[in-house]
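> Here it is, the structure, as structure tokens.
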Amino acid sequence: MIESGRIDSALARLRTIVGENWLLSSPTDIAHYCADWRGRYHGDALCVVRPASTAELSQVVHVCAEAGLPMVPQGGNTGLCGGATPHVGRKEVVVNLSRMNRIRSFDRDNASITVEAGCKLATVQAAALEAGLLFPLSLASEGSCEIGGNLSTNAGGVHVLRYGTARDQVLGLEVVLPDGRIWDGLRGLRKDNTGYDLKQLFIGAEGTLGFITAAVLALAPLPAYSALAWVALDGVQQALDLLARLREKAGERLNAFELVGQEALELVLRHIPGARDPFAQQAPWHALIELSGNDAALDEQFEQMLAALLEGGVVRDAVIARDVAQARALWALRENISEAQRIEGLSVKHDISVPVSAIPHFIKSAGERLLAAFPGIRLVVFGHAGDGNLHYNLSFADAGDNADLIADGHAASVLVHQTVTECAGSISAEHGIGQLKRDLLPHFKSQVEMDMMHAVKHAFDPHGLMNPGKVLVVRQA
Ligand code: FAD
Ligand code: ZN
């Protein structure tokens with residue numbers, strides 16, 4: 001227990017560092033920062049601090065470390081597992097980095113850009129585009145999420161198939177350590193074998209090892225053309241056949257391969273204004289496929305590929321976007337699934353990955369188990385099938401049944417995770433662990449792996465002040 005005199009003095013020092021306007025403490029002012037995007041987690045905080053620079057943040061962390069105050073890093077607050085939400089009654093300091101949003105530099109010859117953690121993902125994409133390059137990370141939340149959050153969750157999204165996850169875009173990092181020291185690792189190097197690659201520890205650490213304050217990001221060449229199709233499929237195995245054929249025909253031009261189950265599409269059609277089913281006839285599965293490249297005939301080539309696949313019976317139906325508006329409308333069907341689901345109410349979410357080849361077994365087996373245990377349960381399945389990553393969300397249409405399911409979500413998740421284990425998969429492909437899956441983690445990792453994670457945590461944050469209660473429960477020494 002920290003005595004109140006020490007807290008008051010820390011608050012006063014924090015206020016001096018960031019300025020009166022950037023330390024919030026009234027319940028109304030901090031409410032927005034104390035709940036997550038889904039509305040599943042609600043915490044409270046001693047205060048919310050909003051530093052404007054790495055130097056200010058470093059001082060903030062010094063003060064918190066000295067006073068023994070736990071810190072919760074926060075970016076765009078779009079995370080889906082409660083990682084950026086403080087706990088109730090623990091006097092945590094939420095440190096929101098959104099004001100640290102400068103693009104520091106751009107290096108054309110090195111094809112890299114150096115940005116601060118609070119830059120929105122969409123801002124970085126736009127800056128790259130303006131320079132005739134591509135920052136390929138792309139998520140439905142890109143208008144709100146921030147680079148610091150993207151790197152701390154090692155975000156995935158729709159272009160992992162071709163460009164990899166957030167981790168793969170990073171050349172260098174700047175970090176404020178849990179004791180307030182600044183590590184300047186802002187190197188723009190594609191090759192650097194000088195010992196441990198420390199930046200990789202902070203990427204995907206969900207704010208448990210320190211604050212990412214800036215990053216050097218690699219940019220890719222901007223393809224001149226892109227083509228998009230929405231395809232109806234009879235089954236999941238057909239989706240894999242289609243993926244294999246496209247890999248063969250389109251090669252590295254295959255940018256995105258997203259799977260959408262009928263239940264997921266129906267949610268969007270029901271709740272999102274203007275959403276329209278591209279086909280008159282329902283199909284059990286759909287795929288959204290994007291190619292990009294430099295050949296002006298890309299659209300025609302894609303059309304020929306799809307025509308052959310239609311003829312060969314791999315796909316049931318297909319439509320190619322003819323213009324930007326149509327492409328937007330098709331992407332909206334995929335990208336609004338989470339939003340439509342949120343409108344419908346809470347669901348038991350899973351963000352799993354399995355080897356791509358195991359997707360049909362996973363879907364069949366998890367579905368059978370769930371329907372046997374929870375007759376009538378609705379399986380909303382969609383995701384980045386090209387990476388073996390599925391969002392597998394469970395709910396009942398009836399609010400009463402759903403309340404029971406949410407209250408005992410664990411029972412349903414056990415069945416899903418049992419199937420994931422059978423498929424040698426992961427319980428979190430891209431959203432992370434946060435609070436949501438923290439207690440599950442030790443059941444899916446070996447003792448050796450957990451020991452190594454605890455050793456890393458202890459080495460960086462011996463007093464357990466960085467985002468406590470997220471990812472790991474710190475072991476008492
Ligand atoms: P926050 O939510 O603020 O924080 C996330 C975690 O990172 C927390 O643990 C926080 O403590 C930590 N953190 C934040 N900033 C820092 C920092 N500077 N230093 C250290 N730690 C920090 N995710 C995907 O991977 N793929 C998707 O396709 C995807 N689609 C989404 C669609 C929707 C509609 C929504 C709402 C979310 C989606 N997400 C997706 C989840 C979310 O957008 C990502 O996890 C995103 O990377 C979080 O960024 P943020 O800035 O909002 O981070
Ligand atoms: Zn996703």
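Residues in the structure tokens are numbered from 1 in each chain, the chains being A, B, ... in the order shown, and ligands are numbered from 1 in the order shown.
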Considering only C-alpha atoms and all ligand atoms, give me a table of residues in chain A that are at most 9 Å from ligand 2, with the closest atom pair and distance in Å for each, as a tab-separated table.


```
residue	atom	partner	partner_atom_place_in_ligand_line	distance
A:Leu139	CA	ligand 2	1 (Zn)	7.2
A:Ala140	CA	ligand 2	1 (Zn)	8.1
A:Ala155	CA	ligand 2	1 (Zn)	8.4
A:Gly156	CA	ligand 2	1 (Zn)	6.5
A:Gly157	CA	ligand 2	1 (Zn)	5.0
A:Val158	CA	ligand 2	1 (Zn)	7.1
A:Asp351	CA	ligand 2	1 (Zn)	7.6
A:Phe382	CA	ligand 2	1 (Zn)	8.5
A:Gly383	CA	ligand 2	1 (Zn)	5.8
A:His384	CA	ligand 2	1 (Zn)	6.4
A:Asn389	CA	ligand 2	1 (Zn)	7.6
A:Leu390	CA	ligand 2	1 (Zn)	7.6
A:His391	CA	ligand 2	1 (Zn)	6.7
A:Ala429	CA	ligand 2	1 (Zn)	8.5
A:Glu430	CA	ligand 2	1 (Zn)	6.7
A:His431	CA	ligand 2	1 (Zn)	7.6
```

> Which residues are near ligand 1 in this structure, taking near to mean any atom at most 6 Å from a ligand atom and counting only C-alpha atoms and all ligand atoms? Format them as number ranges by chain.

A: 72-80, 83-84, 117, 139-141, 145-146, 148-150, 152-153, 155-157, 206-207, 210-213, 338-339, 430-431, 434

> Just to confirm, what's the straight-line distance from CA of Pro284 (chain A) to CA of Gly235 (chain A) in Å (one decimal)?

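Those two atoms sit 6.7 Å apart.
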
> Which residues, written as number ranges by chain, have at least one atom at most 9 Å from region 316-324 of chain A, with only C-alpha atoms counted and residues fewer than 3 positions away on the same chain left out?

A: 227-234, 278-279, 283, 299, 302-303, 306-307, 309-310, 313, 327-330

> So how many Å separate CA of Ile147 (chain A) and CA of Gly188 (chain A), to one decimal?

16.6 Å

> What is the distance, in Å and to one decimal place, between CA of Arg378 (chain A) and CA of Leu394 (chain A)?

5.7 Å

> With only C-alpha atoms as the counted atoms, please give the residues lying no more than 8 Å from region 439-449 of chain A, apart from itself and same-chain residues fewer than 4 positions off, as a PyMOL selection string.

chain A and resi 427+433+435+453+471-472

> Write a file of the just-selected residues containing all heavy atoms, as a PDB file, in the first residue's frame.


```
ATOM      1  N   ILE A 427      -3.675 -20.138 -29.163  1.00  0.00           N
ATOM      2  CA  ILE A 427      -4.910 -19.533 -28.651  1.00  0.00           C
ATOM      3  C   ILE A 427      -4.967 -18.029 -28.927  1.00  0.00           C
ATOM      4  O   ILE A 427      -5.993 -17.398 -28.713  1.00  0.00           O
ATOM      5  CB  ILE A 427      -5.121 -19.797 -27.139  1.00  0.00           C
ATOM      6  CG1 ILE A 427      -3.955 -19.213 -26.329  1.00  0.00           C
ATOM      7  CG2 ILE A 427      -5.314 -21.281 -26.878  1.00  0.00           C
ATOM      8  CD1 ILE A 427      -4.263 -19.072 -24.844  1.00  0.00           C
ATOM      9  N   ILE A 433      -2.707 -11.436 -25.373  1.00  0.00           N
ATOM     10  CA  ILE A 433      -3.160 -12.129 -24.168  1.00  0.00           C
ATOM     11  C   ILE A 433      -3.902 -11.182 -23.226  1.00  0.00           C
ATOM     12  O   ILE A 433      -4.998 -11.487 -22.773  1.00  0.00           O
ATOM     13  CB  ILE A 433      -1.937 -12.762 -23.444  1.00  0.00           C
ATOM     14  CG1 ILE A 433      -1.225 -13.775 -24.365  1.00  0.00           C
ATOM     15  CG2 ILE A 433      -2.345 -13.411 -22.130  1.00  0.00           C
ATOM     16  CD1 ILE A 433      -2.069 -14.944 -24.810  1.00  0.00           C
ATOM     17  N   GLN A 435      -5.658  -9.192 -20.431  1.00  0.00           N
ATOM     18  CA  GLN A 435      -6.288  -9.782 -19.245  1.00  0.00           C
ATOM     19  C   GLN A 435      -7.078 -11.019 -19.639  1.00  0.00           C
ATOM     20  O   GLN A 435      -7.231 -11.956 -18.880  1.00  0.00           O
ATOM     21  CB  GLN A 435      -7.299  -8.807 -18.622  1.00  0.00           C
ATOM     22  CG  GLN A 435      -6.775  -7.437 -18.307  1.00  0.00           C
ATOM     23  CD  GLN A 435      -7.825  -6.579 -17.597  1.00  0.00           C
ATOM     24  OE1 GLN A 435      -8.533  -7.022 -16.684  1.00  0.00           O
ATOM     25  NE2 GLN A 435      -7.919  -5.326 -17.987  1.00  0.00           N
ATOM     26  N   MET A 453       9.703 -16.649 -20.034  1.00  0.00           N
ATOM     27  CA  MET A 453       8.942 -15.396 -20.091  1.00  0.00           C
ATOM     28  C   MET A 453       9.039 -14.644 -18.759  1.00  0.00           C
ATOM     29  O   MET A 453       9.232 -13.424 -18.729  1.00  0.00           O
ATOM     30  CB  MET A 453       7.477 -15.666 -20.453  1.00  0.00           C
ATOM     31  CG  MET A 453       7.320 -15.974 -21.937  1.00  0.00           C
ATOM     32  SD  MET A 453       5.624 -16.294 -22.472  1.00  0.00           S
ATOM     33  CE  MET A 453       4.776 -14.802 -22.044  1.00  0.00           C
ATOM     34  N   VAL A 471      -0.793 -10.335 -19.532  1.00  0.00           N
ATOM     35  CA  VAL A 471       0.046 -11.421 -20.091  1.00  0.00           C
ATOM     36  C   VAL A 471       0.468 -12.431 -19.026  1.00  0.00           C
ATOM     37  O   VAL A 471       0.227 -13.623 -19.153  1.00  0.00           O
ATOM     38  CB  VAL A 471       1.281 -10.893 -20.858  1.00  0.00           C
ATOM     39  CG1 VAL A 471       2.046 -12.053 -21.499  1.00  0.00           C
ATOM     40  CG2 VAL A 471       0.887  -9.872 -21.913  1.00  0.00           C
ATOM     41  N   LEU A 472       1.119 -11.934 -17.952  1.00  0.00           N
ATOM     42  CA  LEU A 472       1.620 -12.819 -16.897  1.00  0.00           C
ATOM     43  C   LEU A 472       1.164 -12.318 -15.542  1.00  0.00           C
ATOM     44  O   LEU A 472       0.978 -11.122 -15.361  1.00  0.00           O
ATOM     45  CB  LEU A 472       3.156 -12.747 -16.832  1.00  0.00           C
ATOM     46  CG  LEU A 472       3.986 -13.198 -18.024  1.00  0.00           C
ATOM     47  CD1 LEU A 472       5.436 -12.822 -17.771  1.00  0.00           C
ATOM     48  CD2 LEU A 472       3.852 -14.696 -18.207  1.00  0.00           C
TER      49      LEU A 472
END
```

> From a DSSP calculation on the backbone, collect every residue of region 223-408 of chain A in strand (DSSP E) and output the set as a compact mmCIF listing (two decimals) with all heavy atoms, in the first residue's frame.


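Full text of result-v1.txt as output:
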```
# COMPACT_ATOMS: atom_id res chain seq x y z
N TYR A 225 -1.26 -1.50 -59.35
CA TYR A 225 -2.65 -1.95 -59.56
C TYR A 225 -3.05 -2.94 -58.49
O TYR A 225 -2.22 -3.68 -57.97
CB TYR A 225 -2.78 -2.63 -60.93
CG TYR A 225 -2.41 -1.73 -62.07
CD1 TYR A 225 -1.12 -1.78 -62.60
CD2 TYR A 225 -3.33 -0.82 -62.58
CE1 TYR A 225 -0.76 -0.92 -63.63
CE2 TYR A 225 -2.97 0.04 -63.61
CZ TYR A 225 -1.68 -0.01 -64.13
OH TYR A 225 -1.34 0.85 -65.13
N SER A 226 -4.34 -2.93 -58.19
CA SER A 226 -4.83 -3.99 -57.31
C SER A 226 -6.19 -4.47 -57.83
O SER A 226 -6.88 -3.76 -58.55
CB SER A 226 -4.92 -3.51 -55.86
OG SER A 226 -5.96 -2.60 -55.73
N ALA A 227 -6.50 -5.70 -57.50
CA ALA A 227 -7.76 -6.29 -57.96
C ALA A 227 -8.36 -7.05 -56.78
O ALA A 227 -7.64 -7.66 -55.99
CB ALA A 227 -7.48 -7.25 -59.12
N LEU A 228 -9.69 -6.96 -56.70
CA LEU A 228 -10.37 -7.52 -55.53
C LEU A 228 -11.57 -8.35 -55.97
O LEU A 228 -12.33 -7.93 -56.84
CB LEU A 228 -10.85 -6.36 -54.65
CG LEU A 228 -11.42 -6.72 -53.29
CD1 LEU A 228 -10.29 -7.16 -52.35
CD2 LEU A 228 -12.15 -5.54 -52.68
N ALA A 229 -11.72 -9.52 -55.36
CA ALA A 229 -12.89 -10.35 -55.70
C ALA A 229 -13.54 -10.90 -54.45
O ALA A 229 -12.87 -11.15 -53.44
CB ALA A 229 -12.46 -11.51 -56.60
N TRP A 230 -14.85 -11.07 -54.52
CA TRP A 230 -15.63 -11.74 -53.47
C TRP A 230 -16.12 -13.04 -54.10
O TRP A 230 -16.69 -13.03 -55.19
CB TRP A 230 -16.79 -10.86 -53.05
CG TRP A 230 -17.63 -11.40 -51.93
CD1 TRP A 230 -18.71 -12.22 -52.06
CD2 TRP A 230 -17.46 -11.16 -50.54
NE1 TRP A 230 -19.24 -12.51 -50.82
CE2 TRP A 230 -18.49 -11.87 -49.87
CE3 TRP A 230 -16.55 -10.42 -49.79
CZ2 TRP A 230 -18.63 -11.85 -48.48
CZ3 TRP A 230 -16.69 -10.40 -48.41
CH2 TRP A 230 -17.72 -11.11 -47.76
N VAL A 231 -15.89 -14.13 -53.40
CA VAL A 231 -16.13 -15.43 -53.99
C VAL A 231 -17.02 -16.25 -53.07
O VAL A 231 -16.85 -16.21 -51.85
CB VAL A 231 -14.74 -16.12 -54.17
CG1 VAL A 231 -14.88 -17.60 -54.35
CG2 VAL A 231 -13.99 -15.51 -55.33
N ALA A 232 -17.99 -16.96 -53.65
CA ALA A 232 -18.84 -17.85 -52.84
C ALA A 232 -18.30 -19.27 -52.94
O ALA A 232 -17.90 -19.71 -54.03
CB ALA A 232 -20.27 -17.79 -53.36
N LEU A 233 -18.30 -19.98 -51.80
CA LEU A 233 -17.70 -21.31 -51.75
C LEU A 233 -18.66 -22.31 -51.09
O LEU A 233 -19.42 -21.95 -50.20
CB LEU A 233 -16.42 -21.26 -50.90
CG LEU A 233 -15.30 -20.37 -51.44
CD1 LEU A 233 -14.38 -19.94 -50.31
CD2 LEU A 233 -14.52 -21.09 -52.52
N LEU A 254 -0.52 -12.25 -54.49
CA LEU A 254 -1.63 -12.53 -53.58
C LEU A 254 -1.40 -11.78 -52.25
O LEU A 254 -0.50 -12.07 -51.49
CB LEU A 254 -1.71 -14.04 -53.31
CG LEU A 254 -2.86 -14.52 -52.43
CD1 LEU A 254 -4.21 -14.11 -52.99
CD2 LEU A 254 -2.79 -16.05 -52.27
N ASN A 255 -2.26 -10.79 -52.03
CA ASN A 255 -2.11 -9.85 -50.91
C ASN A 255 -2.92 -10.26 -49.70
O ASN A 255 -2.52 -10.05 -48.57
CB ASN A 255 -2.74 -8.52 -51.34
CG ASN A 255 -1.76 -7.44 -51.52
OD1 ASN A 255 -0.57 -7.67 -51.40
ND2 ASN A 255 -2.25 -6.27 -51.81
N ALA A 256 -4.15 -10.69 -49.97
CA ALA A 256 -5.07 -10.98 -48.87
C ALA A 256 -5.97 -12.14 -49.27
O ALA A 256 -6.40 -12.24 -50.43
CB ALA A 256 -5.93 -9.75 -48.57
N PHE A 257 -6.24 -13.01 -48.29
CA PHE A 257 -7.17 -14.10 -48.51
C PHE A 257 -7.97 -14.26 -47.24
O PHE A 257 -7.54 -14.87 -46.27
CB PHE A 257 -6.42 -15.39 -48.84
CG PHE A 257 -7.34 -16.52 -49.27
CD1 PHE A 257 -7.58 -16.75 -50.62
CD2 PHE A 257 -7.98 -17.32 -48.34
CE1 PHE A 257 -8.43 -17.77 -51.03
CE2 PHE A 257 -8.85 -18.33 -48.73
CZ PHE A 257 -9.07 -18.56 -50.08
N GLU A 258 -9.14 -13.66 -47.23
CA GLU A 258 -9.97 -13.59 -46.03
C GLU A 258 -11.18 -14.51 -46.18
O GLU A 258 -11.83 -14.51 -47.23
CB GLU A 258 -10.45 -12.15 -45.82
CG GLU A 258 -9.33 -11.15 -45.60
CD GLU A 258 -8.73 -11.24 -44.22
OE1 GLU A 258 -9.50 -11.13 -43.24
OE2 GLU A 258 -7.50 -11.42 -44.12
N LEU A 259 -11.45 -15.26 -45.13
CA LEU A 259 -12.57 -16.18 -45.15
C LEU A 259 -13.73 -15.56 -44.35
O LEU A 259 -13.50 -14.98 -43.28
CB LEU A 259 -12.13 -17.49 -44.50
CG LEU A 259 -13.09 -18.67 -44.57
CD1 LEU A 259 -13.22 -19.16 -46.00
CD2 LEU A 259 -12.58 -19.82 -43.68
N VAL A 260 -14.94 -15.69 -44.85
CA VAL A 260 -16.11 -15.14 -44.14
C VAL A 260 -17.22 -16.20 -44.15
O VAL A 260 -17.70 -16.59 -45.22
CB VAL A 260 -16.62 -13.84 -44.81
CG1 VAL A 260 -17.87 -13.32 -44.10
CG2 VAL A 260 -15.54 -12.77 -44.82
N GLY A 261 -17.60 -16.65 -42.98
CA GLY A 261 -18.72 -17.61 -42.88
C GLY A 261 -20.05 -16.88 -43.06
O GLY A 261 -20.15 -15.66 -42.83
N TRP A 285 -19.87 -20.32 -47.27
CA TRP A 285 -18.58 -19.66 -47.04
C TRP A 285 -18.29 -18.69 -48.16
O TRP A 285 -18.76 -18.87 -49.29
CB TRP A 285 -17.45 -20.70 -46.95
CG TRP A 285 -17.59 -21.57 -45.76
CD1 TRP A 285 -18.15 -22.81 -45.71
CD2 TRP A 285 -17.20 -21.25 -44.42
NE1 TRP A 285 -18.13 -23.29 -44.43
CE2 TRP A 285 -17.55 -22.36 -43.61
CE3 TRP A 285 -16.60 -20.15 -43.82
CZ2 TRP A 285 -17.30 -22.39 -42.24
CZ3 TRP A 285 -16.36 -20.17 -42.45
CH2 TRP A 285 -16.71 -21.28 -41.68
N HIS A 286 -17.47 -17.70 -47.83
CA HIS A 286 -17.07 -16.70 -48.81
C HIS A 286 -15.59 -16.41 -48.61
O HIS A 286 -15.08 -16.54 -47.49
CB HIS A 286 -17.83 -15.38 -48.61
CG HIS A 286 -19.30 -15.60 -48.43
ND1 HIS A 286 -20.20 -15.42 -49.45
CD2 HIS A 286 -20.02 -16.02 -47.36
CE1 HIS A 286 -21.41 -15.72 -49.00
NE2 HIS A 286 -21.33 -16.09 -47.74
N ALA A 287 -14.95 -15.96 -49.68
CA ALA A 287 -13.56 -15.49 -49.53
C ALA A 287 -13.44 -14.12 -50.19
O ALA A 287 -14.06 -13.87 -51.24
CB ALA A 287 -12.60 -16.47 -50.16
N LEU A 288 -12.69 -13.26 -49.54
CA LEU A 288 -12.38 -11.95 -50.12
C LEU A 288 -10.90 -12.02 -50.49
O LEU A 288 -10.05 -12.28 -49.62
CB LEU A 288 -12.63 -10.84 -49.09
CG LEU A 288 -12.38 -9.42 -49.58
CD1 LEU A 288 -13.35 -9.04 -50.69
CD2 LEU A 288 -12.52 -8.42 -48.44
N ILE A 289 -10.62 -11.80 -51.76
CA ILE A 289 -9.25 -12.02 -52.24
C ILE A 289 -8.74 -10.75 -52.90
O ILE A 289 -9.42 -10.17 -53.76
CB ILE A 289 -9.24 -13.17 -53.28
CG1 ILE A 289 -9.85 -14.42 -52.66
CG2 ILE A 289 -7.82 -13.44 -53.76
CD1 ILE A 289 -10.49 -15.31 -53.71
N GLU A 290 -7.53 -10.36 -52.51
CA GLU A 290 -6.93 -9.17 -53.12
C GLU A 290 -5.60 -9.54 -53.75
O GLU A 290 -4.78 -10.22 -53.13
CB GLU A 290 -6.71 -8.09 -52.05
CG GLU A 290 -6.23 -6.77 -52.62
CD GLU A 290 -5.94 -5.76 -51.50
OE1 GLU A 290 -4.97 -5.98 -50.74
OE2 GLU A 290 -6.69 -4.78 -51.39
N LEU A 291 -5.41 -9.10 -54.99
CA LEU A 291 -4.10 -9.23 -55.63
C LEU A 291 -3.58 -7.82 -55.87
O LEU A 291 -4.37 -6.89 -56.07
CB LEU A 291 -4.21 -9.90 -57.00
CG LEU A 291 -4.88 -11.26 -57.18
CD1 LEU A 291 -4.60 -11.79 -58.59
CD2 LEU A 291 -4.41 -12.26 -56.15
N SER A 292 -2.27 -7.65 -55.89
CA SER A 292 -1.74 -6.37 -56.35
C SER A 292 -0.43 -6.59 -57.07
O SER A 292 0.29 -7.56 -56.79
CB SER A 292 -1.60 -5.38 -55.19
OG SER A 292 -0.59 -5.80 -54.33
N GLY A 293 -0.15 -5.72 -58.03
CA GLY A 293 1.06 -5.87 -58.83
C GLY A 293 1.20 -4.71 -59.80
O GLY A 293 0.44 -3.75 -59.73
N ASP A 317 -19.32 -19.08 -57.12
CA ASP A 317 -19.64 -17.82 -57.80
C ASP A 317 -18.54 -16.82 -57.47
O ASP A 317 -17.84 -16.98 -56.46
CB ASP A 317 -21.00 -17.30 -57.30
CG ASP A 317 -21.74 -16.52 -58.38
OD1 ASP A 317 -21.07 -16.13 -59.37
OD2 ASP A 317 -22.95 -16.31 -58.23
N ALA A 318 -18.39 -15.79 -58.29
CA ALA A 318 -17.34 -14.80 -58.02
C ALA A 318 -17.73 -13.46 -58.60
O ALA A 318 -18.39 -13.39 -59.64
CB ALA A 318 -16.02 -15.26 -58.62
N VAL A 319 -17.34 -12.39 -57.92
CA VAL A 319 -17.56 -11.05 -58.46
C VAL A 319 -16.28 -10.24 -58.23
O VAL A 319 -15.67 -10.32 -57.18
CB VAL A 319 -18.80 -10.38 -57.81
CG1 VAL A 319 -18.69 -10.32 -56.31
CG2 VAL A 319 -19.03 -8.99 -58.35
N ILE A 320 -15.88 -9.51 -59.29
CA ILE A 320 -14.68 -8.68 -59.18
C ILE A 320 -15.10 -7.22 -59.04
O ILE A 320 -16.02 -6.77 -59.74
CB ILE A 320 -13.77 -8.84 -60.43
CG1 ILE A 320 -13.16 -10.25 -60.42
CG2 ILE A 320 -12.70 -7.79 -60.48
CD1 ILE A 320 -12.04 -10.46 -61.41
N ASP A 351 -9.38 -15.95 -31.03
CA ASP A 351 -8.51 -15.43 -32.09
C ASP A 351 -7.41 -16.48 -32.24
O ASP A 351 -6.36 -16.37 -31.64
CB ASP A 351 -7.97 -14.07 -31.60
CG ASP A 351 -6.69 -13.66 -32.25
OD1 ASP A 351 -6.57 -13.83 -33.47
OD2 ASP A 351 -5.79 -13.17 -31.54
N ILE A 352 -7.73 -17.52 -32.98
CA ILE A 352 -6.85 -18.69 -32.95
C ILE A 352 -6.07 -18.82 -34.27
O ILE A 352 -6.46 -18.25 -35.29
CB ILE A 352 -7.66 -19.98 -32.70
CG1 ILE A 352 -8.65 -20.26 -33.86
CG2 ILE A 352 -8.46 -19.89 -31.41
CD1 ILE A 352 -8.20 -21.29 -34.81
N SER A 353 -4.99 -19.58 -34.21
CA SER A 353 -4.37 -19.95 -35.48
C SER A 353 -4.04 -21.43 -35.45
O SER A 353 -3.75 -22.00 -34.39
CB SER A 353 -3.11 -19.12 -35.75
OG SER A 353 -2.13 -19.38 -34.80
N ARG A 378 -24.53 -19.90 -31.96
CA ARG A 378 -24.22 -19.33 -33.27
C ARG A 378 -22.71 -19.20 -33.42
O ARG A 378 -22.05 -18.61 -32.56
CB ARG A 378 -24.88 -17.95 -33.37
CG ARG A 378 -24.85 -17.36 -34.74
CD ARG A 378 -25.74 -16.17 -34.81
NE ARG A 378 -25.45 -15.27 -33.69
CZ ARG A 378 -26.03 -14.10 -33.53
NH1 ARG A 378 -26.96 -13.70 -34.36
NH2 ARG A 378 -25.73 -13.32 -32.52
N LEU A 379 -22.18 -19.78 -34.49
CA LEU A 379 -20.74 -19.76 -34.71
C LEU A 379 -20.43 -18.70 -35.76
O LEU A 379 -20.77 -18.86 -36.92
CB LEU A 379 -20.27 -21.13 -35.22
CG LEU A 379 -20.78 -22.36 -34.46
CD1 LEU A 379 -20.37 -23.65 -35.17
CD2 LEU A 379 -20.23 -22.36 -33.03
N VAL A 380 -19.82 -17.61 -35.32
CA VAL A 380 -19.45 -16.55 -36.26
C VAL A 380 -17.96 -16.72 -36.56
O VAL A 380 -17.11 -16.45 -35.72
CB VAL A 380 -19.77 -15.16 -35.66
CG1 VAL A 380 -19.26 -14.06 -36.58
CG2 VAL A 380 -21.27 -15.02 -35.46
N VAL A 381 -17.70 -17.22 -37.76
CA VAL A 381 -16.32 -17.59 -38.11
C VAL A 381 -15.86 -16.76 -39.30
O VAL A 381 -16.54 -16.69 -40.32
CB VAL A 381 -16.26 -19.09 -38.49
CG1 VAL A 381 -14.82 -19.52 -38.71
CG2 VAL A 381 -16.91 -19.95 -37.41
N PHE A 382 -14.72 -16.13 -39.13
CA PHE A 382 -14.16 -15.33 -40.23
C PHE A 382 -12.69 -15.11 -39.92
O PHE A 382 -12.23 -15.44 -38.82
CB PHE A 382 -14.88 -13.97 -40.35
CG PHE A 382 -14.76 -13.10 -39.12
CD1 PHE A 382 -13.84 -12.07 -39.08
CD2 PHE A 382 -15.56 -13.32 -38.01
CE1 PHE A 382 -13.72 -11.25 -37.94
CE2 PHE A 382 -15.45 -12.52 -36.87
CZ PHE A 382 -14.53 -11.49 -36.84
N GLY A 383 -11.96 -14.57 -40.88
CA GLY A 383 -10.58 -14.24 -40.54
C GLY A 383 -9.62 -14.41 -41.67
O GLY A 383 -10.01 -14.54 -42.84
N HIS A 384 -8.35 -14.41 -41.26
CA HIS A 384 -7.25 -14.33 -42.21
C HIS A 384 -6.82 -15.76 -42.55
O HIS A 384 -5.76 -16.22 -42.12
CB HIS A 384 -6.12 -13.52 -41.60
CG HIS A 384 -6.62 -12.32 -40.82
ND1 HIS A 384 -7.18 -11.24 -41.45
CD2 HIS A 384 -6.68 -12.06 -39.49
CE1 HIS A 384 -7.54 -10.34 -40.52
NE2 HIS A 384 -7.26 -10.83 -39.33
N ASN A 389 -5.30 -18.03 -39.52
CA ASN A 389 -5.83 -17.28 -38.36
C ASN A 389 -7.34 -17.07 -38.52
O ASN A 389 -7.79 -16.45 -39.47
CB ASN A 389 -5.10 -15.93 -38.30
CG ASN A 389 -5.64 -14.96 -37.25
OD1 ASN A 389 -5.29 -13.78 -37.29
ND2 ASN A 389 -6.47 -15.41 -36.33
N LEU A 390 -8.09 -17.62 -37.56
CA LEU A 390 -9.54 -17.47 -37.60
C LEU A 390 -10.04 -16.72 -36.37
O LEU A 390 -9.57 -16.97 -35.26
CB LEU A 390 -10.23 -18.84 -37.62
CG LEU A 390 -9.98 -19.72 -38.84
CD1 LEU A 390 -10.67 -21.06 -38.65
CD2 LEU A 390 -10.48 -19.04 -40.11
N HIS A 391 -10.98 -15.83 -36.58
CA HIS A 391 -11.72 -15.24 -35.47
C HIS A 391 -12.96 -16.12 -35.32
O HIS A 391 -13.71 -16.30 -36.29
CB HIS A 391 -12.05 -13.79 -35.75
CG HIS A 391 -10.80 -12.97 -35.95
ND1 HIS A 391 -9.75 -13.04 -35.07
CD2 HIS A 391 -10.42 -12.13 -36.92
CE1 HIS A 391 -8.78 -12.25 -35.49
NE2 HIS A 391 -9.15 -11.69 -36.60
N TYR A 392 -13.13 -16.67 -34.14
CA TYR A 392 -14.13 -17.72 -33.94
C TYR A 392 -14.98 -17.29 -32.75
O TYR A 392 -14.62 -17.50 -31.59
CB TYR A 392 -13.37 -19.03 -33.65
CG TYR A 392 -14.22 -20.26 -33.75
CD1 TYR A 392 -14.39 -20.92 -34.96
CD2 TYR A 392 -14.87 -20.77 -32.64
CE1 TYR A 392 -15.16 -22.06 -35.05
CE2 TYR A 392 -15.65 -21.90 -32.72
CZ TYR A 392 -15.79 -22.54 -33.93
OH TYR A 392 -16.57 -23.66 -34.03
N ASN A 393 -16.10 -16.64 -33.06
CA ASN A 393 -16.88 -15.97 -32.02
C ASN A 393 -18.22 -16.65 -31.79
O ASN A 393 -18.91 -17.00 -32.74
CB ASN A 393 -17.10 -14.50 -32.40
CG ASN A 393 -15.77 -13.77 -32.59
OD1 ASN A 393 -14.75 -14.23 -32.10
ND2 ASN A 393 -15.80 -12.66 -33.28
N LEU A 394 -18.56 -16.78 -30.53
CA LEU A 394 -19.74 -17.56 -30.16
C LEU A 394 -20.77 -16.67 -29.47
O LEU A 394 -20.42 -15.87 -28.60
CB LEU A 394 -19.35 -18.66 -29.18
CG LEU A 394 -18.12 -19.49 -29.60
CD1 LEU A 394 -17.71 -20.43 -28.48
CD2 LEU A 394 -18.44 -20.27 -30.86
N SER A 395 -22.02 -16.85 -29.87
CA SER A 395 -23.08 -16.13 -29.17
C SER A 395 -24.40 -16.83 -29.44
O SER A 395 -24.51 -17.65 -30.36
CB SER A 395 -23.16 -14.68 -29.67
OG SER A 395 -23.38 -14.67 -31.06
```
